[in-house]
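For reference, my_file00.txt (compact mmCIF, C-alpha atoms):
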```txt
# COMPACT_ATOMS: atom_id res chain seq x y z
CA GLN V 158 33.72 -49.52 -35.27
CA LYS V 159 30.35 -47.86 -35.11
CA GLU V 160 29.43 -46.12 -38.32
CA VAL V 161 26.67 -44.78 -40.51
CA GLU V 162 26.52 -45.18 -44.28
CA GLN V 163 24.77 -42.80 -46.61
CA ASN V 164 24.77 -42.50 -50.36
CA SER V 165 26.64 -39.24 -50.99
CA GLY V 166 24.62 -38.46 -54.11
CA PRO V 167 23.98 -36.05 -55.59
CA LEU V 168 20.36 -37.12 -55.67
CA SER V 169 18.43 -35.13 -58.21
CA VAL V 170 14.62 -35.01 -58.28
CA PRO V 171 12.14 -32.78 -60.11
CA GLU V 172 10.05 -30.30 -58.20
CA GLY V 173 6.94 -31.94 -56.77
CA ALA V 174 8.42 -35.45 -56.69
CA ILE V 175 9.21 -37.60 -53.66
CA ALA V 176 12.84 -37.58 -52.56
CA SER V 177 14.01 -40.71 -50.75
CA LEU V 178 17.14 -40.60 -48.62
CA ASN V 179 18.57 -43.67 -46.96
CA CYS V 180 20.92 -44.48 -44.15
CA THR V 181 22.22 -47.75 -42.69
CA TYR V 182 23.91 -48.08 -39.35
CA SER V 183 26.17 -50.68 -37.87
CA ASP V 184 25.18 -51.03 -34.22
CA ARG V 185 22.11 -52.92 -33.08
CA VAL V 186 22.02 -51.08 -29.75
CA SER V 187 21.13 -47.82 -31.52
CA GLN V 188 18.10 -46.22 -29.92
CA SER V 189 17.73 -42.74 -31.38
CA PHE V 190 17.92 -41.60 -34.98
CA PHE V 191 18.03 -38.12 -36.39
CA TRP V 192 17.86 -36.40 -39.74
CA TYR V 193 19.49 -33.01 -40.20
CA ARG V 194 19.37 -30.64 -43.14
CA GLN V 195 22.41 -28.51 -43.93
CA TYR V 196 22.40 -25.72 -46.46
CA SER V 197 25.74 -24.75 -47.96
CA GLY V 198 27.73 -22.63 -45.51
CA LYS V 199 25.16 -23.07 -42.74
CA SER V 200 24.98 -25.24 -39.66
CA PRO V 201 22.94 -28.48 -39.57
CA GLU V 202 19.29 -28.09 -38.64
CA LEU V 203 17.33 -30.92 -37.01
CA ILE V 204 14.30 -31.87 -39.09
CA MET V 205 13.27 -35.30 -37.78
CA SER V 206 13.92 -37.63 -34.90
CA ILE V 207 12.66 -41.19 -34.60
CA TYR V 208 13.04 -43.74 -31.84
CA SER V 209 10.61 -46.59 -32.63
CA ASN V 210 10.16 -48.90 -35.59
CA GLY V 211 7.75 -47.65 -38.21
CA ASP V 212 6.94 -44.31 -39.74
CA LYS V 213 6.89 -40.84 -38.26
CA GLU V 214 5.38 -37.99 -40.25
CA ASP V 215 5.91 -34.27 -39.86
CA GLY V 216 4.48 -32.14 -42.64
CA ARG V 217 6.12 -33.13 -45.91
CA PHE V 218 8.73 -35.25 -44.13
CA THR V 219 8.40 -38.92 -43.16
CA ALA V 220 11.09 -40.82 -41.31
CA GLN V 221 11.03 -44.60 -41.49
CA LEU V 222 12.92 -46.83 -39.09
CA ASN V 223 13.58 -50.56 -39.33
CA LYS V 224 15.79 -51.65 -36.46
CA ALA V 225 15.93 -55.28 -37.58
CA SER V 226 17.43 -54.20 -40.90
CA GLN V 227 19.42 -51.37 -39.28
CA TYR V 228 17.94 -48.95 -41.76
CA VAL V 229 16.46 -45.48 -41.47
CA SER V 230 15.12 -43.38 -44.31
CA LEU V 231 13.71 -39.93 -44.93
CA LEU V 232 11.01 -39.22 -47.49
CA ILE V 233 10.34 -35.69 -48.65
CA ARG V 234 7.00 -35.33 -50.41
CA ASP V 235 6.23 -32.56 -52.88
CA SER V 236 9.92 -31.65 -53.06
CA GLN V 237 10.65 -27.95 -53.45
CA PRO V 238 13.79 -26.19 -54.71
CA SER V 239 14.24 -24.92 -51.14
CA ASP V 240 14.76 -28.55 -50.06
CA SER V 241 18.03 -28.60 -52.00
CA ALA V 242 20.63 -29.22 -49.31
CA THR V 243 22.78 -31.92 -47.77
CA TYR V 244 20.90 -34.30 -45.48
CA LEU V 245 22.80 -35.87 -42.60
CA CYS V 246 21.65 -38.85 -40.62
CA ALA V 247 22.89 -39.62 -37.14
CA TRP V 248 22.22 -42.18 -34.47
CA GLY V 249 22.88 -42.54 -30.80
CA ALA V 250 22.83 -45.26 -28.22
CA GLY V 251 21.16 -44.60 -24.92
CA ASN V 252 24.34 -44.96 -22.91
CA ASN V 253 26.48 -42.83 -25.21
CA ARG V 254 26.68 -39.07 -25.10
CA LYS V 255 27.93 -38.88 -28.69
CA LEU V 256 26.06 -39.18 -31.95
CA ILE V 257 27.47 -41.16 -34.88
CA TRP V 258 27.17 -39.24 -38.16
CA GLY V 259 26.86 -40.15 -41.79
CA LEU V 260 28.72 -38.09 -44.39
CA GLY V 261 25.47 -36.77 -45.84
CA THR V 262 23.49 -37.03 -49.05
CA SER V 263 23.35 -34.04 -51.37
CA LEU V 264 19.84 -33.41 -52.70
CA ALA V 265 19.06 -31.18 -55.67
CA VAL V 266 15.43 -30.37 -56.45
CA ASN V 267 15.10 -29.07 -59.98
CA PRO V 268 12.35 -26.56 -60.87
CA SER K 555 13.25 -21.34 -25.18
CA GLN K 556 16.84 -22.39 -25.59
CA THR K 557 19.30 -20.56 -27.79
CA ILE K 558 22.94 -21.11 -28.64
CA HIS K 559 25.28 -18.32 -29.61
CA GLN K 560 28.55 -18.83 -31.41
CA TRP K 561 30.99 -16.21 -32.63
CA PRO K 562 32.62 -15.00 -34.76
CA ALA K 563 30.89 -16.13 -37.95
CA THR K 564 34.07 -15.95 -40.02
CA LEU K 565 37.71 -15.74 -39.08
CA VAL K 566 40.89 -15.51 -41.12
CA GLN K 567 44.05 -16.24 -39.17
CA PRO K 568 47.72 -16.67 -40.13
CA VAL K 569 49.52 -19.93 -39.48
CA GLY K 570 51.00 -19.97 -36.01
CA SER K 571 48.55 -17.50 -34.51
CA PRO K 572 46.34 -18.34 -31.50
CA LEU K 573 42.63 -19.12 -31.66
CA SER K 574 39.72 -18.64 -29.32
CA LEU K 575 36.15 -19.49 -30.30
CA GLU K 576 33.36 -19.04 -27.82
CA CYS K 577 29.93 -20.56 -27.49
CA THR K 578 27.18 -19.88 -24.98
CA VAL K 579 23.85 -21.55 -24.40
CA GLU K 580 20.84 -19.83 -22.87
CA GLY K 581 17.59 -21.16 -21.49
CA THR K 582 18.86 -24.46 -20.13
CA SER K 583 21.09 -25.67 -17.34
CA ASN K 584 23.80 -28.34 -17.22
CA PRO K 585 23.70 -29.09 -20.95
CA ASN K 586 26.11 -31.41 -22.70
CA LEU K 587 28.24 -29.23 -24.98
CA TYR K 588 30.11 -30.23 -28.12
CA TRP K 589 32.67 -28.85 -30.56
CA TYR K 590 32.61 -30.25 -34.09
CA ARG K 591 34.70 -29.47 -37.15
CA GLN K 592 33.55 -29.92 -40.71
CA ALA K 593 36.27 -29.70 -43.35
CA ALA K 594 35.27 -28.77 -46.89
CA GLY K 595 33.33 -31.64 -48.46
CA ARG K 596 33.75 -33.86 -45.42
CA GLY K 597 31.62 -35.07 -42.56
CA LEU K 598 31.23 -33.84 -39.03
CA GLN K 599 34.19 -34.61 -36.83
CA LEU K 600 33.63 -34.48 -33.08
CA LEU K 601 36.51 -32.65 -31.41
CA PHE K 602 35.47 -32.25 -27.78
CA TYR K 603 32.47 -32.72 -25.57
CA SER K 604 31.69 -31.70 -22.03
CA VAL K 605 29.16 -32.99 -19.53
CA GLY K 606 29.84 -30.32 -16.90
CA ILE K 607 32.02 -27.43 -15.75
CA GLY K 608 35.68 -28.31 -16.13
CA GLN K 609 34.89 -31.74 -17.62
CA ILE K 610 36.29 -32.10 -21.14
CA SER K 611 36.58 -35.22 -23.28
CA SER K 612 38.87 -35.08 -26.29
CA GLU K 613 38.04 -37.19 -29.30
CA VAL K 614 41.05 -36.66 -31.55
CA PRO K 615 44.68 -35.73 -30.81
CA GLN K 616 45.46 -32.31 -32.22
CA ASN K 617 46.72 -28.88 -31.34
CA LEU K 618 43.29 -27.74 -30.17
CA SER K 619 41.96 -27.61 -26.63
CA ALA K 620 38.62 -26.87 -25.04
CA SER K 621 37.49 -25.45 -21.76
CA ARG K 622 34.19 -25.03 -19.94
CA PRO K 623 34.65 -22.30 -17.34
CA GLN K 624 30.91 -21.86 -16.76
CA ASP K 625 27.92 -24.14 -17.08
CA ARG K 626 26.72 -22.58 -20.32
CA GLN K 627 30.04 -21.50 -21.84
CA PHE K 628 32.30 -23.61 -24.02
CA ILE K 629 35.58 -22.34 -25.49
CA LEU K 630 37.75 -23.82 -28.23
CA SER K 631 41.38 -22.70 -28.28
CA SER K 632 44.68 -23.19 -29.98
CA LYS K 633 48.10 -21.77 -29.17
CA LYS K 634 49.39 -22.08 -32.75
CA LEU K 635 47.12 -22.68 -35.71
CA LEU K 636 48.06 -25.02 -38.55
CA LEU K 637 46.86 -24.89 -42.14
CA SER K 638 44.97 -28.13 -41.47
CA ASP K 639 42.90 -26.39 -38.79
CA SER K 640 40.87 -24.63 -41.47
CA GLY K 641 37.25 -25.64 -41.49
CA PHE K 642 33.76 -24.94 -40.29
CA TYR K 643 33.59 -25.12 -36.49
CA LEU K 644 30.29 -25.88 -34.87
CA CYS K 645 29.25 -25.70 -31.27
CA ALA K 646 26.27 -27.78 -30.22
CA TRP K 647 24.26 -28.56 -27.11
CA ARG K 648 22.09 -31.37 -25.92
CA ARG K 649 20.12 -32.06 -22.78
CA THR K 650 21.72 -34.55 -20.45
CA ASP K 651 18.86 -37.01 -20.87
CA PHE K 652 19.86 -39.84 -23.15
CA ASN K 653 18.48 -39.92 -26.68
CA GLU K 654 17.97 -36.19 -26.66
CA LYS K 655 18.31 -34.08 -29.79
CA LEU K 656 21.46 -32.13 -30.65
CA PHE K 657 21.18 -28.44 -31.58
CA PHE K 658 23.88 -26.49 -33.36
CA GLY K 659 25.08 -22.94 -33.23
CA SER K 660 25.51 -20.96 -36.43
CA GLY K 661 29.15 -21.97 -36.85
CA THR K 662 32.49 -20.26 -37.43
CA GLN K 663 34.20 -20.52 -40.81
CA LEU K 664 37.93 -20.51 -40.02
CA SER K 665 40.50 -20.01 -42.73
CA VAL K 666 44.14 -20.44 -41.76
CA LEU K 667 46.48 -18.88 -44.30
```
Structure translated into structure tokens:
Amino acid sequence: QKEVEQNSGPLSVPEGAIASLNCTYSDRVSQSFFWYRQYSGKSPELIMSIYSNGDKEDGRFTAQLNKASQYVSLLIRDSQPSDSATYLCAWGAGNNRKLIWGLGTSLAVNP
Amino acid sequence: SQTIHQWPATLVQPVGSPLSLECTVEGTSNPNLYWYRQAAGRGLQLLFYSVGIGQISSEVPQNLSASRPQDRQFILSSKKLLLSDSGFYLCAWRRTDFNEKLFFGSGTQLSVL
């Protein structure tokens, strides 16, 4: 069965530090990978997408993909208290209209 | 730009009552539409998805149903709510191109009492 594994946390980092969130997936045909941020009581918000091996940077966020190891990660530099949220990873295969979701990692950034 | 509207934001319903949640997407045509449920402290559970008008795929057996009467309208319904139907319901859309991003509406917090 296709699945995504994430460490549920909580992950606690001090303000200004780098937060590292990780996700492993089970299917080698995966082609698209997404990171969503979800604040408590709110809907998930897309923050990063990545499709090729390597790093993709967007502001303070960097997504890293290693298809051979079936591993995708999200780095948040200069973490801020406003980054405190649950981070969901998801992946999709090109021939599948559904995304497979992890359960999310709770991140707490302490001032 | 594309927007997705979902209402109501919160809903409190008695057990056995009917349910109708509506979602509309603007600024795009022929989107794939999705209904998810997120129970407290749990992950996203896909309930239904639709690739076109009148085309509904059900992911889990339950007392919920979905309909897509118009290209940009997606409705989640129930004839009789159960306590276990409580949760955070999310509508989402995605372009039909593969590998496209999924965008969520603001969600409906449903409490069945």
Write down, as a PDB file with C-alpha atoms, in the frame of the given file, each residue of chain K that has any atom within 10 Å of an atom of chain V, counting all atoms listed in the file.
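Listed below is the output, result.pdb:
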```pdb
ATOM      1  CA  ASN K 586      26.110 -31.410 -22.700  1.00  0.00           C
ATOM      2  CA  LEU K 587      28.240 -29.230 -24.980  1.00  0.00           C
ATOM      3  CA  TYR K 588      30.110 -30.230 -28.120  1.00  0.00           C
ATOM      4  CA  GLN K 592      33.550 -29.920 -40.710  1.00  0.00           C
ATOM      5  CA  ALA K 594      35.270 -28.770 -46.890  1.00  0.00           C
ATOM      6  CA  GLY K 595      33.330 -31.640 -48.460  1.00  0.00           C
ATOM      7  CA  ARG K 596      33.750 -33.860 -45.420  1.00  0.00           C
ATOM      8  CA  GLY K 597      31.620 -35.070 -42.560  1.00  0.00           C
ATOM      9  CA  LEU K 598      31.230 -33.840 -39.030  1.00  0.00           C
ATOM     10  CA  GLN K 599      34.190 -34.610 -36.830  1.00  0.00           C
ATOM     11  CA  LEU K 600      33.630 -34.480 -33.080  1.00  0.00           C
ATOM     12  CA  TYR K 603      32.470 -32.720 -25.570  1.00  0.00           C
ATOM     13  CA  SER K 604      31.690 -31.700 -22.030  1.00  0.00           C
ATOM     14  CA  VAL K 605      29.160 -32.990 -19.530  1.00  0.00           C
ATOM     15  CA  PHE K 642      33.760 -24.940 -40.290  1.00  0.00           C
ATOM     16  CA  TYR K 643      33.590 -25.120 -36.490  1.00  0.00           C
ATOM     17  CA  LEU K 644      30.290 -25.880 -34.870  1.00  0.00           C
ATOM     18  CA  CYS K 645      29.250 -25.700 -31.270  1.00  0.00           C
ATOM     19  CA  ALA K 646      26.270 -27.780 -30.220  1.00  0.00           C
ATOM     20  CA  ARG K 648      22.090 -31.370 -25.920  1.00  0.00           C
ATOM     21  CA  ARG K 649      20.120 -32.060 -22.780  1.00  0.00           C
ATOM     22  CA  THR K 650      21.720 -34.550 -20.450  1.00  0.00           C
ATOM     23  CA  ASP K 651      18.860 -37.010 -20.870  1.00  0.00           C
ATOM     24  CA  PHE K 652      19.860 -39.840 -23.150  1.00  0.00           C
ATOM     25  CA  ASN K 653      18.480 -39.920 -26.680  1.00  0.00           C
ATOM     26  CA  GLU K 654      17.970 -36.190 -26.660  1.00  0.00           C
ATOM     27  CA  LYS K 655      18.310 -34.080 -29.790  1.00  0.00           C
ATOM     28  CA  LEU K 656      21.460 -32.130 -30.650  1.00  0.00           C
ATOM     29  CA  PHE K 657      21.180 -28.440 -31.580  1.00  0.00           C
ATOM     30  CA  PHE K 658      23.880 -26.490 -33.360  1.00  0.00           C
ATOM     31  CA  GLY K 659      25.080 -22.940 -33.230  1.00  0.00           C
ATOM     32  CA  SER K 660      25.510 -20.960 -36.430  1.00  0.00           C
ATOM     33  CA  GLY K 661      29.150 -21.970 -36.850  1.00  0.00           C
ATOM     34  CA  THR K 662      32.490 -20.260 -37.430  1.00  0.00           C
ATOM     35  CA  GLN K 663      34.200 -20.520 -40.810  1.00  0.00           C
TER      36      GLN K 663
END
```
- Task: Kindly give the distance, in Å, that separates CA of Glu160 (chain V) and CA of Ser236 (chain V), rounded to a single decimal.
- Result: 28.4 Å
- Task: Mind listing whatever residues come within 12 Å of the point (46.6, -26.9, -45.9)? Use only C-alpha atoms, file coordinates, and give them as a PyMOL selection string.
- Result: chain K and resi 568-569+593-594+635-641+665-667
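Near region 212-224 of chain V, within 6 Å and counting all atoms listed in the file, sit V:Val229, V:Ser230, V:Leu231, V:Leu232, V:Ile233, V:Arg234; same-chain residues fewer than 5 positions away were not included.
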Adding 6 Å on each side of the box along x, y and z that holds all listed atoms of region 584-588 of chain K, could you give its centre and edge lengths in Å to one decimal, as AutoDock Vina command-line options?
```
--center_x 26.9 --center_y -29.9 --center_z -22.7 --size_x 18.4 --size_y 15.1 --size_z 22.9
```
